[in-house]
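Asker: Hey, dropping coords.cif in here, mmCIF, C-alpha atoms and all ligand atoms:
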```cif
data_run
#
loop_
_atom_site.label_atom_id
_atom_site.label_comp_id
_atom_site.auth_asym_id
_atom_site.auth_seq_id
_atom_site.Cartn_x
_atom_site.Cartn_y
_atom_site.Cartn_z
CA MET A 1 24.13 -13.30 4.08
CA ALA A 2 23.56 -9.67 4.91
CA LYS A 3 23.15 -7.77 8.15
CA ILE A 4 19.88 -5.84 7.80
CA ALA A 5 18.16 -3.20 9.91
CA PHE A 6 14.35 -3.21 9.62
CA ILE A 7 12.42 -0.24 11.03
CA GLY A 8 8.62 -0.57 11.30
CA LEU A 9 7.52 -4.12 12.12
CA GLY A 10 3.77 -3.69 11.65
CA ASN A 11 1.29 -5.71 9.60
CA MET A 12 3.55 -5.57 6.54
CA GLY A 13 7.00 -5.11 8.09
CA ALA A 14 6.79 -8.10 10.47
CA PRO A 15 6.20 -10.75 7.78
CA MET A 16 8.71 -9.05 5.44
CA ALA A 17 11.39 -9.17 8.18
CA ALA A 18 10.43 -12.81 8.88
CA ASN A 19 11.06 -13.67 5.22
CA LEU A 20 14.49 -12.02 5.36
CA LEU A 21 15.29 -14.16 8.40
CA LYS A 22 14.05 -17.29 6.58
CA ALA A 23 16.41 -16.42 3.70
CA GLY A 24 19.30 -16.51 6.20
CA HIS A 25 19.86 -12.78 6.71
CA ALA A 26 20.57 -11.33 10.18
CA VAL A 27 17.79 -8.86 10.99
CA THR A 28 17.86 -6.24 13.74
CA GLY A 29 14.49 -4.54 14.03
CA CYS A 30 13.00 -1.47 15.64
CA ASP A 31 9.39 -0.48 16.32
CA LEU A 32 7.65 1.84 18.77
CA ASP A 33 5.43 -1.07 19.84
CA PRO A 34 7.27 -3.47 22.23
CA SER A 35 5.00 -6.39 21.27
CA ARG A 36 6.30 -6.08 17.69
CA LEU A 37 9.88 -6.34 18.99
CA ARG A 38 9.08 -9.48 20.96
CA ALA A 39 7.53 -11.04 17.86
CA LEU A 40 10.70 -10.31 15.87
CA GLU A 41 12.84 -11.95 18.56
CA GLN A 42 10.59 -15.01 18.50
CA ALA A 43 11.11 -15.18 14.73
CA GLY A 44 14.89 -15.21 15.23
CA GLY A 45 15.75 -11.51 14.90
CA ARG A 46 17.28 -9.00 17.30
CA ALA A 47 15.45 -6.03 18.78
CA ALA A 48 16.95 -2.56 19.11
CA ALA A 49 15.83 0.97 19.86
CA PRO A 50 15.99 3.68 18.65
CA PRO A 51 16.20 3.19 14.83
CA ALA A 52 19.80 4.46 14.77
CA ALA A 53 20.86 1.65 17.14
CA ALA A 54 19.28 -0.96 14.85
CA SER A 55 21.20 0.41 11.88
CA GLU A 56 24.71 0.02 13.37
CA GLY A 57 26.89 -1.95 10.95
CA ALA A 58 23.92 -2.77 8.69
CA GLU A 59 24.57 -3.45 5.02
CA ALA A 60 20.99 -2.50 4.24
CA ILE A 61 18.46 -0.41 6.17
CA ILE A 62 14.80 -0.93 5.35
CA THR A 63 11.90 1.18 6.61
CA MET A 64 8.21 0.17 6.46
CA LEU A 65 6.34 2.98 8.20
CA PRO A 66 2.75 4.27 8.14
CA ALA A 67 3.19 7.50 6.16
CA GLY A 68 5.53 10.27 4.96
CA GLU A 69 5.55 12.03 8.33
CA GLN A 70 7.03 9.03 10.18
CA MET A 71 9.32 8.20 7.27
CA ARG A 72 10.77 11.72 7.23
CA ALA A 73 11.24 11.74 11.03
CA VAL A 74 12.98 8.35 11.07
CA TRP A 75 15.39 9.26 8.25
CA LEU A 76 15.90 13.01 8.65
CA GLY A 77 15.18 13.69 12.35
CA ALA A 78 17.93 14.98 14.67
CA ALA A 79 18.27 11.45 16.11
CA GLY A 80 17.40 9.89 12.75
CA LEU A 81 19.10 7.32 10.57
CA LEU A 82 20.99 9.66 8.23
CA ALA A 83 22.49 11.64 11.11
CA ALA A 84 23.66 8.42 12.78
CA LEU A 85 25.24 6.73 9.74
CA PRO A 86 29.02 7.09 9.79
CA SER A 87 30.41 8.76 6.68
CA GLY A 88 32.12 6.17 4.54
CA ALA A 89 29.56 3.48 5.50
CA ARG A 90 28.24 1.62 2.45
CA SER A 91 24.75 0.85 3.73
CA LEU A 92 22.03 0.64 1.09
CA LEU A 93 18.91 2.58 2.17
CA ILE A 94 15.45 1.33 1.18
CA ASP A 95 12.08 2.78 2.11
CA CYS A 96 9.17 0.40 1.41
CA SER A 97 6.41 2.58 2.96
CA THR A 98 3.74 4.11 0.73
CA ILE A 99 4.33 7.86 0.95
CA ASP A 100 4.09 11.02 -1.14
CA VAL A 101 6.46 11.38 -4.09
CA ALA A 102 7.85 14.74 -2.89
CA THR A 103 8.99 13.36 0.49
CA ALA A 104 10.51 10.28 -1.18
CA ARG A 105 12.55 12.56 -3.47
CA GLU A 106 13.54 14.92 -0.66
CA VAL A 107 14.83 12.12 1.59
CA ALA A 108 16.63 10.40 -1.31
CA ALA A 109 18.35 13.71 -2.16
CA ALA A 110 19.45 14.15 1.47
CA ALA A 111 20.79 10.57 1.44
CA ALA A 112 22.69 11.24 -1.80
CA ARG A 113 24.26 14.37 -0.29
CA ALA A 114 25.45 12.22 2.63
CA GLY A 115 26.94 9.74 0.14
CA PHE A 116 24.30 6.98 0.26
CA ASP A 117 22.21 5.21 -2.36
CA MET A 118 18.54 5.35 -1.39
CA LEU A 119 15.63 3.58 -3.07
CA ASP A 120 11.89 4.10 -2.72
CA ALA A 121 10.43 0.60 -3.00
CA PRO A 122 6.71 0.57 -2.12
CA VAL A 123 4.89 -2.71 -2.45
CA SER A 124 1.68 -4.17 -3.73
CA GLY A 125 0.23 -7.49 -2.57
CA GLY A 126 -1.01 -6.70 0.94
CA THR A 127 -0.38 -8.69 4.10
CA ALA A 128 -1.04 -12.00 2.31
CA GLY A 129 1.70 -11.16 -0.22
CA ALA A 130 4.03 -10.05 2.58
CA GLU A 131 3.51 -13.37 4.40
CA ALA A 132 3.88 -15.49 1.28
CA GLY A 133 6.92 -13.50 0.05
CA THR A 134 5.14 -12.70 -3.20
CA LEU A 135 5.04 -8.90 -3.02
CA THR A 136 5.52 -6.68 -6.06
CA PHE A 137 8.21 -4.03 -5.47
CA MET A 138 8.10 -0.82 -7.52
CA VAL A 139 11.54 0.68 -7.19
CA GLY A 140 12.79 4.21 -7.73
CA GLY A 141 16.48 5.09 -7.57
CA SER A 142 19.81 4.60 -9.33
CA ASP A 143 20.73 1.59 -11.49
CA GLY A 144 23.53 0.74 -9.06
CA GLY A 145 21.23 0.90 -6.03
CA PHE A 146 18.64 -1.25 -7.77
CA ALA A 147 21.26 -3.87 -8.68
CA ARG A 148 22.40 -4.04 -5.04
CA ALA A 149 18.83 -4.34 -3.74
CA GLU A 150 17.45 -6.94 -6.13
CA THR A 151 18.51 -10.12 -4.27
CA LEU A 152 17.38 -8.70 -0.95
CA LEU A 153 13.97 -7.70 -2.29
CA ALA A 154 13.62 -11.12 -3.94
CA ALA A 155 13.57 -12.65 -0.44
CA MET A 156 10.33 -10.72 0.21
CA GLY A 157 8.74 -10.47 -3.22
CA ARG A 158 8.21 -12.16 -6.56
CA THR A 159 8.08 -9.21 -8.98
CA ILE A 160 10.70 -6.49 -8.68
CA VAL A 161 10.52 -3.65 -11.20
CA HIS A 162 12.94 -0.74 -11.57
CA ALA A 163 10.47 2.08 -12.31
CA GLY A 164 13.01 4.90 -12.79
CA GLY A 165 14.85 7.50 -10.71
CA ALA A 166 14.10 8.63 -7.13
CA GLY A 167 10.33 8.80 -6.46
CA ALA A 168 9.39 6.67 -9.49
CA GLY A 169 8.45 3.73 -7.26
CA GLN A 170 6.01 5.90 -5.29
CA ALA A 171 4.67 7.38 -8.54
CA ALA A 172 4.00 3.86 -9.87
CA LYS A 173 2.29 2.83 -6.63
CA LEU A 174 -0.01 5.89 -6.58
CA CYS A 175 -0.93 5.58 -10.25
CA ASN A 176 -1.63 1.85 -9.94
CA ASN A 177 -3.80 2.30 -6.86
CA MET A 178 -5.69 5.16 -8.47
CA ILE A 179 -6.60 2.76 -11.30
CA LEU A 180 -7.60 0.17 -8.70
CA GLY A 181 -9.74 2.55 -6.62
CA ILE A 182 -11.56 3.88 -9.68
CA SER A 183 -12.07 0.43 -11.22
CA MET A 184 -13.40 -1.05 -7.97
CA LEU A 185 -15.98 1.74 -7.76
CA ALA A 186 -16.88 1.27 -11.44
CA VAL A 187 -17.45 -2.46 -10.98
CA SER A 188 -19.39 -1.89 -7.74
CA GLU A 189 -21.67 0.70 -9.37
CA ALA A 190 -22.37 -1.65 -12.27
CA PHE A 191 -23.47 -4.42 -9.89
CA VAL A 192 -25.66 -2.00 -7.92
CA LEU A 193 -27.36 -0.82 -11.11
CA ALA A 194 -27.72 -4.40 -12.38
CA GLY A 195 -29.50 -5.33 -9.14
CA ARG A 196 -31.92 -2.42 -9.50
CA LEU A 197 -32.61 -3.44 -13.11
CA GLY A 198 -33.35 -7.04 -12.17
CA LEU A 199 -30.18 -8.44 -13.74
CA SER A 200 -28.54 -11.07 -11.51
CA ALA A 201 -24.97 -10.55 -10.28
CA GLU A 202 -24.02 -14.00 -11.60
CA LYS A 203 -25.20 -13.12 -15.12
CA LEU A 204 -23.47 -9.72 -15.16
CA PHE A 205 -20.27 -11.40 -13.98
CA GLN A 206 -20.55 -14.15 -16.61
CA ILE A 207 -21.02 -11.56 -19.37
CA SER A 208 -18.65 -8.77 -18.28
CA ALA A 209 -15.83 -11.15 -17.37
CA LYS A 210 -15.72 -12.00 -21.10
CA SER A 211 -16.61 -8.53 -22.43
CA SER A 212 -15.06 -5.09 -22.59
CA GLY A 213 -15.87 -4.37 -18.92
CA GLN A 214 -13.39 -7.06 -17.85
CA CYS A 215 -10.79 -5.92 -15.30
CA TRP A 216 -8.95 -7.21 -12.20
CA SER A 217 -11.51 -5.66 -9.81
CA LEU A 218 -14.18 -7.76 -11.52
CA THR A 219 -12.54 -11.08 -12.30
CA SER A 220 -9.99 -11.45 -9.47
CA TYR A 221 -11.54 -9.44 -6.66
CA CYS A 222 -15.27 -9.27 -7.44
CA PRO A 223 -16.95 -7.03 -4.82
CA VAL A 224 -20.19 -9.03 -4.92
CA PRO A 225 -20.29 -12.28 -2.91
CA GLY A 226 -20.32 -15.41 -5.05
CA PRO A 227 -18.56 -15.19 -8.41
CA VAL A 228 -14.91 -15.15 -7.15
CA PRO A 229 -14.66 -17.52 -4.15
CA GLY A 230 -11.36 -16.14 -2.79
CA ALA A 231 -12.48 -12.49 -2.82
CA PRO A 232 -13.04 -10.61 0.49
CA ALA A 233 -16.75 -10.18 -0.43
CA ASN A 234 -17.17 -13.84 0.61
CA ARG A 235 -15.78 -13.28 4.11
CA ASP A 236 -17.86 -10.24 4.99
CA TYR A 237 -15.21 -7.90 3.53
CA ALA A 238 -12.46 -8.78 6.03
CA PRO A 239 -9.31 -7.22 4.51
CA GLY A 240 -7.37 -7.82 2.22
CA PHE A 241 -6.64 -4.19 1.61
CA ALA A 242 -8.46 -1.93 4.06
CA ALA A 243 -10.62 0.91 2.69
CA SER A 244 -8.73 3.37 4.91
CA LEU A 245 -5.47 2.44 3.12
CA MET A 246 -7.16 2.87 -0.26
CA LEU A 247 -8.28 6.34 0.87
CA LYS A 248 -4.71 7.14 1.95
CA ASP A 249 -3.36 6.16 -1.49
CA LEU A 250 -6.08 8.04 -3.39
CA LEU A 251 -5.35 11.18 -1.36
CA LEU A 252 -1.62 10.81 -2.09
CA ALA A 253 -2.48 10.53 -5.79
CA GLN A 254 -4.58 13.70 -5.56
CA GLU A 255 -1.74 15.51 -3.78
CA ALA A 256 0.63 14.45 -6.58
CA ALA A 257 -1.94 15.43 -9.24
CA ALA A 258 -2.35 18.89 -7.68
CA ALA A 259 1.41 19.40 -7.44
CA SER A 260 2.03 18.29 -11.04
CA GLY A 261 -1.05 19.83 -12.65
CA ALA A 262 -2.37 16.45 -13.90
CA ALA A 263 -6.11 16.31 -14.61
CA THR A 264 -7.50 13.34 -12.63
CA PRO A 265 -11.25 13.99 -12.17
CA LEU A 266 -12.17 10.35 -11.60
CA GLY A 267 -9.33 9.97 -9.12
CA ALA A 268 -10.70 12.99 -7.24
CA GLN A 269 -14.20 11.52 -7.21
CA ALA A 270 -12.90 8.12 -6.08
CA ALA A 271 -11.10 9.84 -3.18
CA ALA A 272 -14.33 11.69 -2.22
CA LEU A 273 -16.32 8.43 -2.27
CA TYR A 274 -13.75 6.49 -0.23
CA ARG A 275 -13.61 9.37 2.25
CA ALA A 276 -17.39 9.20 2.72
CA LEU A 277 -17.19 5.42 3.08
CA VAL A 278 -14.44 5.66 5.71
CA GLU A 279 -16.35 8.39 7.57
CA ALA A 280 -19.34 6.03 7.59
CA GLY A 281 -17.24 3.61 9.69
CA GLU A 282 -16.18 1.18 6.93
CA GLY A 283 -12.46 2.06 6.92
CA GLY A 284 -11.31 -1.19 8.55
CA ARG A 285 -13.10 -3.39 6.02
CA ASP A 286 -11.75 -4.41 2.64
CA PHE A 287 -11.96 -1.65 0.01
CA SER A 288 -14.30 -3.82 -2.08
CA VAL A 289 -16.95 -3.08 0.58
CA ALA A 290 -17.66 -0.11 -1.72
CA TYR A 291 -20.21 -2.38 -3.43
CA GLN A 292 -22.14 -3.10 -0.22
CA TRP A 293 -21.92 0.55 0.87
CA LEU A 294 -23.25 1.82 -2.48
CA ASP A 295 -25.94 -0.86 -2.58
CA ARG A 296 -27.23 0.25 0.83
CA MET A 297 -26.92 3.90 -0.08
CA ASP A 298 -29.91 5.97 -0.97
CA ARG A 299 -29.09 7.89 -4.19
CA ALA A 300 -30.12 11.29 -2.80
CA ARG A 301 -28.02 10.79 0.36
CA LEU A 302 -24.94 9.87 -1.67
CA LEU A 303 -25.34 13.01 -3.78
CA HIS A 304 -25.38 15.02 -0.57
CA GLU A 305 -22.41 13.23 1.07
CA ALA A 306 -19.93 12.58 -1.71
CA GLY A 307 -19.72 15.89 -3.50
CA PRO A 308 -20.40 17.40 -6.90
CA GLY A 309 -19.13 14.52 -9.06
CA ALA A 310 -21.78 12.23 -7.63
CA ARG A 311 -24.54 14.65 -8.67
CA ARG A 312 -24.18 14.04 -12.38
P1 LIG A 401 1.25 -0.68 10.44
O1 LIG A 401 0.65 0.51 11.06
O2 LIG A 401 0.72 -2.04 10.75
O3 LIG A 401 2.84 -0.70 10.73
C1 LIG A 401 3.65 0.42 10.87
C2 LIG A 401 4.59 0.17 12.04
O4 LIG A 401 5.50 1.26 12.13
C3 LIG A 401 3.87 0.09 13.39
O5 LIG A 401 4.18 -1.15 14.02
C4 LIG A 401 4.41 1.29 14.16
O6 LIG A 401 4.53 1.06 15.55
C5 LIG A 401 5.76 1.49 13.50
N1 LIG A 401 6.29 2.84 13.67
C6 LIG A 401 5.65 4.02 13.48
N2 LIG A 401 6.48 5.06 13.72
C7 LIG A 401 7.67 4.51 14.07
C8 LIG A 401 8.93 5.05 14.44
N3 LIG A 401 9.13 6.38 14.52
N4 LIG A 401 9.94 4.21 14.74
C9 LIG A 401 9.74 2.86 14.69
N5 LIG A 401 8.57 2.28 14.34
C10 LIG A 401 7.55 3.10 14.03
O7 LIG A 401 1.18 -0.43 8.85
P2 LIG A 401 1.35 -1.52 7.68
O8 LIG A 401 0.02 -2.06 7.30
O9 LIG A 401 2.47 -2.44 8.03
O10 LIG A 401 1.79 -0.56 6.47
C11 LIG A 401 3.10 -0.03 6.38
C12 LIG A 401 3.21 0.71 5.05
O11 LIG A 401 2.95 -0.19 3.97
C13 LIG A 401 2.22 1.87 4.90
O12 LIG A 401 2.89 2.94 4.27
C14 LIG A 401 1.12 1.29 4.03
O13 LIG A 401 0.44 2.27 3.28
C15 LIG A 401 1.91 0.35 3.14
N6 LIG A 401 1.15 -0.78 2.59
C16 LIG A 401 0.30 -1.49 3.38
C17 LIG A 401 -0.41 -2.55 2.84
C18 LIG A 401 -1.37 -3.36 3.69
O14 LIG A 401 -2.16 -4.13 3.13
N7 LIG A 401 -1.31 -3.27 5.02
C19 LIG A 401 -0.26 -2.88 1.48
C20 LIG A 401 0.65 -2.16 0.71
C21 LIG A 401 1.36 -1.10 1.27
#
```
Produce structure tokens that represent the structure in this file.
Answerer:
Amino acid sequence: MAKIAFIGLGNMGAPMAANLLKAGHAVTGCDLDPSRLRALEQAGGRAAAPPAAASEGAEAIITMLPAGEQMRAVWLGAAGLLAALPSGARSLLIDCSTIDVATAREVAAAAARAGFDMLDAPVSGGTAGAEAGTLTFMVGGSDGGFARAETLLAAMGRTIVHAGGAGAGQAAKLCNNMILGISMLAVSEAFVLAGRLGLSAEKLFQISAKSSGQCWSLTSYCPVPGPVPGAPANRDYAPGFAASLMLKDLLLAQEAAAASGAATPLGAQAAALYRALVEAGEGGRDFSVAYQWLDRMDRARLLHEAGPGARR
């Protein structure tokens, strides 16, 4: 069983570290929040600070941090992980945070120059998937690094896909969540329009679930209360996947689209709509709250708040 350092024991990191402990690994964790360290100790792990102290002698170092800024500081900072790793160490480096592709590639290149294999391995599946150990990992990095990481990631997830070279995991995550953000808005708009036209939500669901409008946002995560019992719509949109995190991912996708010259007009509009929704105070609720928000929304006000795309 491996000695693992785990940096960032938040809503996702804590249950992921707990699953590594359950699989018999020795986990030393680090977080800025002392209550997170106590929780790790209660789960059978060891607490350490700063990150470099947690990484001493670790066969694998995993980070699960809020965004690219923290990820870059923890890996590349003067007192960061790369500076502290002894040359000749064989630690495998894995970042599971959702961050921008450019930072993922920059940090992986710095790791390679220092002689280390680094993978970007963002996840899908949310806190429920992290707790159940059923996350999907989208992994970018070398074949050798992926082969070394697979068993470790299997202790935290069910589907582990090697997406390509450095940054490919983040690219997959951003593209997938752009599809999800757009499709959730599409499904929500259809239910709002159906309501205005006197068509019941149950009937639209029954028809579209078996027609060409079928998609995951409709049949597995329906934003209208009723048709899909397990969906957040039936628990007053308690997350699930918070709207603020969807906005974060849509903005990362737009940043990547701008940098690469990709035309993503619906992605841009989805980001504008989720920004308006978050600014309206809905950021802590599940992202499927888009249906309720649009249903309450006066058409003219939305045109004013959410930008040119909404005017058409
Ligand atoms: P979180 O804010 O709950 O956890 C992040 C943790 O990192 C916090 O406990 C914080 O104290 C710690 N931290 C920040 N800076 C640090 C530093 N310099 N050193 C040590 N610890 C530090 O966030 P989360 O929900 O666990 O999400 C983590 C990542 O996973 C994010 O990139 C997020 O986008 C992604 N993600 C989240 C979900 C979800 O449903 N929550 C789903 C998929 C992906």
Asker: For Met297 of chain A, which residue out of A:Ala276, A:Ser260, A:Gly284, A:Met156 is the nearest one, using all atoms listed in the file?
Answerer: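 With all atoms listed in the file as the atom set, the closest residue is A:Ala276.
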Asker: I'd like the interatomic distance between atom CA of Gly195 of chain A and atom CA of Ala233 of chain A, to a tenth of an Å.
Answerer: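 For atom CA of Gly195 of chain A relative to atom CA of Ala233 of chain A, the distance reads 16.2 Å.
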Asker: Skip Trp75 of chain A itself and residues of its chain fewer than 5 positions away, then list as a ChimeraX atom specification all residues within 12 Å of it, counting only C-alpha atoms.
Answerer: /A:7,50-52,55,61-65,68-70,80-85,93-95,103-104,106-111,114,118
Asker: Export, as a JSON list (two decimals), keeping the file's coordinate frame, the selected residues with C-alpha atoms.
Answerer:
```
[["chain", "number", "residue", "atom", "x", "y", "z"],
["A", 7, "ILE", "CA", 12.42, -0.24, 11.03],
["A", 50, "PRO", "CA", 15.99, 3.68, 18.65],
["A", 51, "PRO", "CA", 16.20, 3.19, 14.83],
["A", 52, "ALA", "CA", 19.80, 4.46, 14.77],
["A", 55, "SER", "CA", 21.20, 0.41, 11.88],
["A", 61, "ILE", "CA", 18.46, -0.41, 6.17],
["A", 62, "ILE", "CA", 14.80, -0.93, 5.35],
["A", 63, "THR", "CA", 11.90, 1.18, 6.61],
["A", 64, "MET", "CA", 8.21, 0.17, 6.46],
["A", 65, "LEU", "CA", 6.34, 2.98, 8.20],
["A", 68, "GLY", "CA", 5.53, 10.27, 4.96],
["A", 69, "GLU", "CA", 5.55, 12.03, 8.33],
["A", 70, "GLN", "CA", 7.03, 9.03, 10.18],
["A", 80, "GLY", "CA", 17.40, 9.89, 12.75],
["A", 81, "LEU", "CA", 19.10, 7.32, 10.57],
["A", 82, "LEU", "CA", 20.99, 9.66, 8.23],
["A", 83, "ALA", "CA", 22.49, 11.64, 11.11],
["A", 84, "ALA", "CA", 23.66, 8.42, 12.78],
["A", 85, "LEU", "CA", 25.24, 6.73, 9.74],
["A", 93, "LEU", "CA", 18.91, 2.58, 2.17],
["A", 94, "ILE", "CA", 15.45, 1.33, 1.18],
["A", 95, "ASP", "CA", 12.08, 2.78, 2.11],
["A", 103, "THR", "CA", 8.99, 13.36, 0.49],
["A", 104, "ALA", "CA", 10.51, 10.28, -1.18],
["A", 106, "GLU", "CA", 13.54, 14.92, -0.66],
["A", 107, "VAL", "CA", 14.83, 12.12, 1.59],
["A", 108, "ALA", "CA", 16.63, 10.40, -1.31],
["A", 109, "ALA", "CA", 18.35, 13.71, -2.16],
["A", 110, "ALA", "CA", 19.45, 14.15, 1.47],
["A", 111, "ALA", "CA", 20.79, 10.57, 1.44],
["A", 114, "ALA", "CA", 25.45, 12.22, 2.63],
["A", 118, "MET", "CA", 18.54, 5.35, -1.39]]
```
Asker: Once you count only C-alpha atoms and all ligand atoms, which residues end up within 6 Å of ligand LIG 401 (chain A), and could you hand them over as a short mmCIF file (atom, residue, chain, number, x, y, z; two decimals) with C-alpha atoms, keeping the file's coordinate frame?
Answerer:
```cif
data_model
loop_
_atom_site.label_atom_id
_atom_site.label_comp_id
_atom_site.auth_asym_id
_atom_site.auth_seq_id
_atom_site.Cartn_x
_atom_site.Cartn_y
_atom_site.Cartn_z
CA ILE A 7 12.42 -0.24 11.03
CA GLY A 8 8.62 -0.57 11.30
CA LEU A 9 7.52 -4.12 12.12
CA GLY A 10 3.77 -3.69 11.65
CA ASN A 11 1.29 -5.71 9.60
CA MET A 12 3.55 -5.57 6.54
CA GLY A 13 7.00 -5.11 8.09
CA CYS A 30 13.00 -1.47 15.64
CA ASP A 31 9.39 -0.48 16.32
CA LEU A 32 7.65 1.84 18.77
CA ASP A 33 5.43 -1.07 19.84
CA MET A 64 8.21 0.17 6.46
CA LEU A 65 6.34 2.98 8.20
CA PRO A 66 2.75 4.27 8.14
CA ALA A 67 3.19 7.50 6.16
CA GLN A 70 7.03 9.03 10.18
CA VAL A 74 12.98 8.35 11.07
CA SER A 97 6.41 2.58 2.96
CA THR A 98 3.74 4.11 0.73
CA VAL A 123 4.89 -2.71 -2.45
CA SER A 124 1.68 -4.17 -3.73
CA GLY A 126 -1.01 -6.70 0.94
CA THR A 127 -0.38 -8.69 4.10
CA PHE A 241 -6.64 -4.19 1.61
CA LEU A 245 -5.47 2.44 3.12
#
```
Asker: Under the rule that all atoms listed in the file are counted, which of A:Cys222, A:Leu21, A:Ala268, A:Met71 is the nearest residue to Ala209 of chain A?
Answerer: A:Cys222
Asker: With distances taken over all atoms listed in the file, which residue among A:Glu255, A:Glu131, A:Asp249, A:Glu56 lies nearest Asn176 of chain A?
Answerer: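 The answer is A:Asp249, which sits nearest to Asn176 of chain A.
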Asker: Rank nothing, just name the residue among A:Val289, A:Ala272, A:Ala58, A:Ala243 nearest to Leu303 of chain A, using only C-alpha atoms.
Answerer: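 Between A:Val289, A:Ala272, A:Ala58, A:Ala243, the residue approaching Leu303 of chain A most closely is A:Ala272.
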Asker: Extract, using all atoms listed in the file, all DNA, RNA and protein residues at most 9 Å from Ala201 of chain A, discarding same-chain residues fewer than 6 positions from it, and format them as an NGL selection string.
Answerer: :A and (191-192 or 194-195 or 224-227)
Asker: Using the selection just defined, write its residues with C-alpha atoms as an mmCIF file, in the frame of the given file.
Answerer:
```cif
data_model
loop_
_atom_site.group_PDB
_atom_site.id
_atom_site.type_symbol
_atom_site.label_atom_id
_atom_site.label_comp_id
_atom_site.auth_asym_id
_atom_site.auth_seq_id
_atom_site.Cartn_x
_atom_site.Cartn_y
_atom_site.Cartn_z
ATOM 1 C CA PHE A 191 -23.470 -4.420 -9.890
ATOM 2 C CA VAL A 192 -25.660 -2.000 -7.920
ATOM 3 C CA ALA A 194 -27.720 -4.400 -12.380
ATOM 4 C CA GLY A 195 -29.500 -5.330 -9.140
ATOM 5 C CA VAL A 224 -20.190 -9.030 -4.920
ATOM 6 C CA PRO A 225 -20.290 -12.280 -2.910
ATOM 7 C CA GLY A 226 -20.320 -15.410 -5.050
ATOM 8 C CA PRO A 227 -18.560 -15.190 -8.410
#
```
Asker: Which residue, A:Cys96, A:Leu153, A:Met1, A:Ala166, has the smallest gap to Ala112 of chain A when you use only C-alpha atoms?
Answerer: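 With only C-alpha atoms as the atom set, the closest residue is A:Ala166.
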Asker: Quick one: residues within 12 Å of Gln292 of chain A, all atoms listed in the file counted, chain neighbours fewer than 2 positions away excluded, as a ChimeraX atom specification?
Answerer: /A:184-185,187-189,191-192,195,222-225,232-234,236-237,277,282,285-290,294-298
Asker: For the selection just defined, write its residues with C-alpha atoms to a file, as a PDB file, in the frame of the given file.
Answerer:
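Written output follows (out11.pdb):
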```
ATOM      1  CA  MET A 184     -13.400  -1.050  -7.970  1.00  0.00           C
ATOM      2  CA  LEU A 185     -15.980   1.740  -7.760  1.00  0.00           C
ATOM      3  CA  VAL A 187     -17.450  -2.460 -10.980  1.00  0.00           C
ATOM      4  CA  SER A 188     -19.390  -1.890  -7.740  1.00  0.00           C
ATOM      5  CA  GLU A 189     -21.670   0.700  -9.370  1.00  0.00           C
ATOM      6  CA  PHE A 191     -23.470  -4.420  -9.890  1.00  0.00           C
ATOM      7  CA  VAL A 192     -25.660  -2.000  -7.920  1.00  0.00           C
ATOM      8  CA  GLY A 195     -29.500  -5.330  -9.140  1.00  0.00           C
ATOM      9  CA  CYS A 222     -15.270  -9.270  -7.440  1.00  0.00           C
ATOM     10  CA  PRO A 223     -16.950  -7.030  -4.820  1.00  0.00           C
ATOM     11  CA  VAL A 224     -20.190  -9.030  -4.920  1.00  0.00           C
ATOM     12  CA  PRO A 225     -20.290 -12.280  -2.910  1.00  0.00           C
ATOM     13  CA  PRO A 232     -13.040 -10.610   0.490  1.00  0.00           C
ATOM     14  CA  ALA A 233     -16.750 -10.180  -0.430  1.00  0.00           C
ATOM     15  CA  ASN A 234     -17.170 -13.840   0.610  1.00  0.00           C
ATOM     16  CA  ASP A 236     -17.860 -10.240   4.990  1.00  0.00           C
ATOM     17  CA  TYR A 237     -15.210  -7.900   3.530  1.00  0.00           C
ATOM     18  CA  LEU A 277     -17.190   5.420   3.080  1.00  0.00           C
ATOM     19  CA  GLU A 282     -16.180   1.180   6.930  1.00  0.00           C
ATOM     20  CA  ARG A 285     -13.100  -3.390   6.020  1.00  0.00           C
ATOM     21  CA  ASP A 286     -11.750  -4.410   2.640  1.00  0.00           C
ATOM     22  CA  PHE A 287     -11.960  -1.650   0.010  1.00  0.00           C
ATOM     23  CA  SER A 288     -14.300  -3.820  -2.080  1.00  0.00           C
ATOM     24  CA  VAL A 289     -16.950  -3.080   0.580  1.00  0.00           C
ATOM     25  CA  ALA A 290     -17.660  -0.110  -1.720  1.00  0.00           C
ATOM     26  CA  LEU A 294     -23.250   1.820  -2.480  1.00  0.00           C
ATOM     27  CA  ASP A 295     -25.940  -0.860  -2.580  1.00  0.00           C
ATOM     28  CA  ARG A 296     -27.230   0.250   0.830  1.00  0.00           C
ATOM     29  CA  MET A 297     -26.920   3.900  -0.080  1.00  0.00           C
ATOM     30  CA  ASP A 298     -29.910   5.970  -0.970  1.00  0.00           C
TER      31      ASP A 298
END
```
Asker: Which of these residues is nearest to Ala253 of chain A, using only C-alpha atoms: A:Leu197, A:Ala26, A:Ala270, A:Met178?
Answerer: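 Among A:Leu197, A:Ala26, A:Ala270, A:Met178, it is A:Met178 that comes nearest to Ala253 of chain A.
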Asker: Would you list the residues near (21.8, 0.0, 0.2), meaning any protein, DNA or RNA residue with an atom at most 9 Å from that point in file coordinates, counting only C-alpha atoms, as a PyMOL selection string?
Answerer: chain A and resi 59-62+90-94+116-119+145-146+148-149
Asker: Residues near Glu41 of chain A, anyone? I mean within 12 Å using all atoms listed in the file, not counting same-chain ones fewer than 3 positions away, as a list in words.
Answerer: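 Answer for this query is Leu9, Ala14, Ala17, Ala18, Leu21, Ala26, Val27, Thr28, Gly29, Cys30, Pro34, Ser35, Arg36, Leu37, Arg38, Gly44, Gly45, Arg46, Ala47 and Ala48 of chain A.
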